[in-house]
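Undergrad: Quick one: this structure, given as structure tokens, is what I'll be asking you about.
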Amino acid sequence: MTILRLATFNVENLFARWRFKDHVNPADANKRGWLVDQTRFDELGQEDKAITGAALREVGADVLALQEVENVDTLKHFRARSLGAAYPYVAGVDGNDPRLIDVAVLSRFPITHIRSHQHFLDPSSPTTALFSRDCLEVDVEVGAGDRKKTVTLFVNHFKSMSEGRLKTREKRLQQATKVMELVTERFGRTPGDHPFVVLGDFNDYMETNEEGSPAIADLVGWDQVENVVTRLPSDEQWTHYWAAEEEYRQLDYLLPSASLAAATTTVPEIFRKGLPLRAAKYMGPRLFGVGTDKPKASDHCPVVLEIDVT
């Protein structure tokens, strides 16, 4: 038996951003371009990143699909500082987001193929990218010797609901539909027979309410995959907390192919120790240093599943 411990996690603004120290005059610091060094700048978000690192170490996944990573260099720096040599393989491509938040993968196992789909255009606006970030297709070689097997990940971060669920619904619907097309193009008319996982932050939930219906229903309910979070009790399926609305929803999804799901009898884990204290529905232990609002690992929870890929 070969087990892949797989996780998806929106790490919330994993940036390498800087600010001037209090005693530094920006005009004096400009010497034919900014020189980023520790005498003039402080790195932002170090406490948050330390807690994010603690969360990932405790999750202990073999492969991490991440959202909201600034770039591969930032991810490598974070890896060196927080994760050591645990993840020698990294995949990431600069995507479409104007905030420079990308999707990426860290892996203990070899990554043998990477394919970006950021070039697709929105059919309703041919000068606009279809994917808000990317749908990053990554092949991971799991196991060794005769048991070696390739598992394909489709890592996503769909359009945010920040402008309103109904207003942004069509964009997420187009993105979810395109992901299904990409999976089918890769694996044929019955892709569920093959080892793949669609995962990431879909920025939508499956409930219909006064704000509208889910744009992701066809993808999440597709008979070629399984939304394994539904193996948990309904009250334990949430992965994100909105402070303003006091809402706890599943926005983060891990959808193994039907064949992988059928071979996997485990239930997923939703790791909530890195959430801020204001997410009071979770009453379990927190990681050291977590505050009421900040610092925190993220406003999302890692979703983890041990998949039998034999």
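Following the order of the structure tokens, chains are lettered A, B, ..., residues in each are numbered from 1, and ligands are numbered from 1.
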Going by DSSP on the backbone, which bits of region 131-186 of chain A are strand (DSSP E or B)? Write them as a CSV table (one decimal) with C-alpha atoms, in the first residue's frame, please.
TA:
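Result saved to out_31.csv:
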```csv
chain,number,residue,atom,x,y,z
A,135,CYS,CA,-5.2,26.2,-12.8
A,136,LEU,CA,-1.7,24.7,-12.2
A,137,GLU,CA,-1.4,21.2,-13.4
A,138,VAL,CA,1.3,19.3,-11.6
A,139,ASP,CA,2.3,15.6,-11.9
A,140,VAL,CA,3.8,14.1,-8.7
A,141,GLU,CA,5.6,10.7,-8.8
A,142,VAL,CA,4.5,8.9,-5.6
A,149,LYS,CA,2.6,6.0,-9.6
A,150,THR,CA,1.9,9.5,-11.0
A,151,VAL,CA,-0.8,11.5,-9.3
A,152,THR,CA,-1.9,14.7,-11.2
A,153,LEU,CA,-3.0,17.8,-9.2
A,154,PHE,CA,-5.1,20.6,-10.6
A,155,VAL,CA,-4.4,23.4,-8.1
A,156,ASN,CA,-6.9,26.3,-8.2
A,157,HIS,CA,-7.8,29.6,-6.6
```
Undergrad: Sort by chain and increasing residue number a table of all residues of region 192-212 of chain A within 12 Å of region 66-70 of chain A, each with its closest pair of atoms and their distance in Å to one decimal, counting only C-alpha atoms, and write it as a tab-separated table.
TA:
```
residue	atom	partner	partner_atom	distance
A:Leu199	CA	A:Leu66	CA	9.6
A:Gly200	CA	A:Gln67	CA	7.1
A:Asp201	CA	A:Gln67	CA	7.1
A:Phe202	CA	A:Gln67	CA	10.5
A:Asn203	CA	A:Gln67	CA	11.5
```
Undergrad: One decimal, in Å: what's the spacing between CA of Tyr89 (chain A) and CA of Ala144 (chain A)?
TA: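 One can read the CA of Tyr89 (chain A) to CA of Ala144 (chain A) distance as 16.0 Å.
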Undergrad: Go through A:Asp73, A:Glu47, A:Asp193, A:Asp134 one by one, measure the shortest atom-to-atom distance of each to Ser257 (chain A) using only C-alpha atoms, and give the residue with the smallest value.
TA: A:Asp193
Undergrad: Calculated over only C-alpha atoms, which of the candidates A:Pro123, A:Gly92, A:Gly84, A:Gly192 has the smallest distance to Ala54 (chain A)?
TA: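 Looking at the shortest contact to Ala54 (chain A), the residue is A:Gly84.
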Undergrad: Expressed in Å to a single decimal, how great is the separation between CA of Ile3 (chain A) and CA of Thr265 (chain A)?
TA: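 Between these atoms lies a distance of 11.6 Å.
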Undergrad: Write out as a PDB file with C-alpha atoms, in the first residue's frame each polymer residue whose atoms come within 7 Å of Pro214 (chain A), counting only C-alpha atoms; drop sequence neighbours fewer than 4 positions from it.
TA:
```
ATOM      1  CA  ASP A 204     -17.645  29.548  -2.940  1.00  0.00           C
ATOM      2  CA  TYR A 205     -19.795  27.289  -0.811  1.00  0.00           C
ATOM      3  CA  MET A 206     -22.377  24.689  -1.739  1.00  0.00           C
ATOM      4  CA  GLU A 207     -25.355  26.219   0.078  1.00  0.00           C
ATOM      5  CA  THR A 208     -27.925  28.367  -1.742  1.00  0.00           C
TER       6      THR A 208
END
```
Undergrad: Using only C-alpha atoms, which of the listed residues (A:Pro285, A:Met1, A:Ala217, A:Arg278) sits closest to Glu247 (chain A)?
TA: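 Under the stated criterion, the closest residue is A:Arg278.
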Undergrad: Could you check which of A:Tyr241, A:Arg272, A:Thr127, A:Val90 is closest to Arg286 (chain A), using only C-alpha atoms?
TA: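 Closest residue, counting only C-alpha atoms: A:Arg272.
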Undergrad: Can you tell me, as a ChimeraX atom specification, which residues in region 136-227 of chain A count as helix (DSSP H, G or I) by DSSP?
TA: /A:145-147,165-187,191-193,217-220
Undergrad: Please write the residues from the selection above to a file, keeping C-alpha atoms, as an mmCIF file, in the first residue's frame.
TA:
```cif
data_model
loop_
_atom_site.group_PDB
_atom_site.id
_atom_site.type_symbol
_atom_site.label_atom_id
_atom_site.label_comp_id
_atom_site.auth_asym_id
_atom_site.auth_seq_id
_atom_site.Cartn_x
_atom_site.Cartn_y
_atom_site.Cartn_z
ATOM 1 C CA GLY A 145 10.156 0.914 -7.539
ATOM 2 C CA ASP A 146 7.298 -1.169 -8.908
ATOM 3 C CA ARG A 147 4.815 0.803 -6.804
ATOM 4 C CA ARG A 165 -21.333 36.320 -4.454
ATOM 5 C CA LEU A 166 -23.926 36.895 -7.167
ATOM 6 C CA LYS A 167 -21.886 39.506 -9.045
ATOM 7 C CA THR A 168 -18.837 37.222 -9.246
ATOM 8 C CA ARG A 169 -20.712 33.945 -9.768
ATOM 9 C CA GLU A 170 -20.351 33.776 -13.552
ATOM 10 C CA LYS A 171 -16.558 34.018 -13.370
ATOM 11 C CA ARG A 172 -16.314 31.112 -10.920
ATOM 12 C CA LEU A 173 -18.757 29.103 -13.024
ATOM 13 C CA GLN A 174 -16.562 29.573 -16.090
ATOM 14 C CA GLN A 175 -13.467 28.634 -14.113
ATOM 15 C CA ALA A 176 -15.033 25.485 -12.650
ATOM 16 C CA THR A 177 -16.335 24.442 -16.068
ATOM 17 C CA LYS A 178 -12.908 24.909 -17.641
ATOM 18 C CA VAL A 179 -11.261 22.793 -14.939
ATOM 19 C CA MET A 180 -13.630 19.926 -15.794
ATOM 20 C CA GLU A 181 -12.740 20.347 -19.474
ATOM 21 C CA LEU A 182 -9.013 20.287 -18.704
ATOM 22 C CA VAL A 183 -9.341 17.113 -16.645
ATOM 23 C CA THR A 184 -11.351 15.447 -19.411
ATOM 24 C CA GLU A 185 -8.869 16.526 -22.090
ATOM 25 C CA ARG A 186 -6.054 15.018 -20.042
ATOM 26 C CA PHE A 187 -7.706 11.719 -19.075
ATOM 27 C CA PRO A 191 -11.374 10.710 -16.085
ATOM 28 C CA GLY A 192 -12.473 9.364 -12.718
ATOM 29 C CA ASP A 193 -10.727 6.086 -13.586
ATOM 30 C CA ALA A 217 -21.849 22.858 -7.948
ATOM 31 C CA ASP A 218 -21.163 21.022 -11.217
ATOM 32 C CA LEU A 219 -17.488 20.565 -10.374
ATOM 33 C CA VAL A 220 -17.914 19.626 -6.701
#
```
Undergrad: Might you pull out every residue within 7 Å of region 273-275 of chain A, with only C-alpha atoms counted and same-chain residues fewer than 4 positions away left off, and present them as a VMD selection string?
TA: chain A and resid 51 55 279 285 to 287 290 296 to 299
Undergrad: Could you work out how far CA of Leu14 (chain A) lies from CA of Ala80 (chain A), giving the answer in Å with one decimal?
TA: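 Separation of CA of Ala80 (chain A) and CA of Leu14 (chain A): 13.9 Å.
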Undergrad: Using only C-alpha atoms, which of the listed residues (A:Phe131, A:Phe78, A:Phe271, A:Phe158) sits closest to Leu251 (chain A)?
TA: A:Phe158
Undergrad: Check the smallest atom-to-atom distance from each of A:Asp223, A:Ala91, A:Asp62, A:Glu163 to His113 (chain A) using only C-alpha atoms, then report the winner.
TA: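 Of the candidates, the smallest distance to His113 (chain A) is held by A:Ala91.
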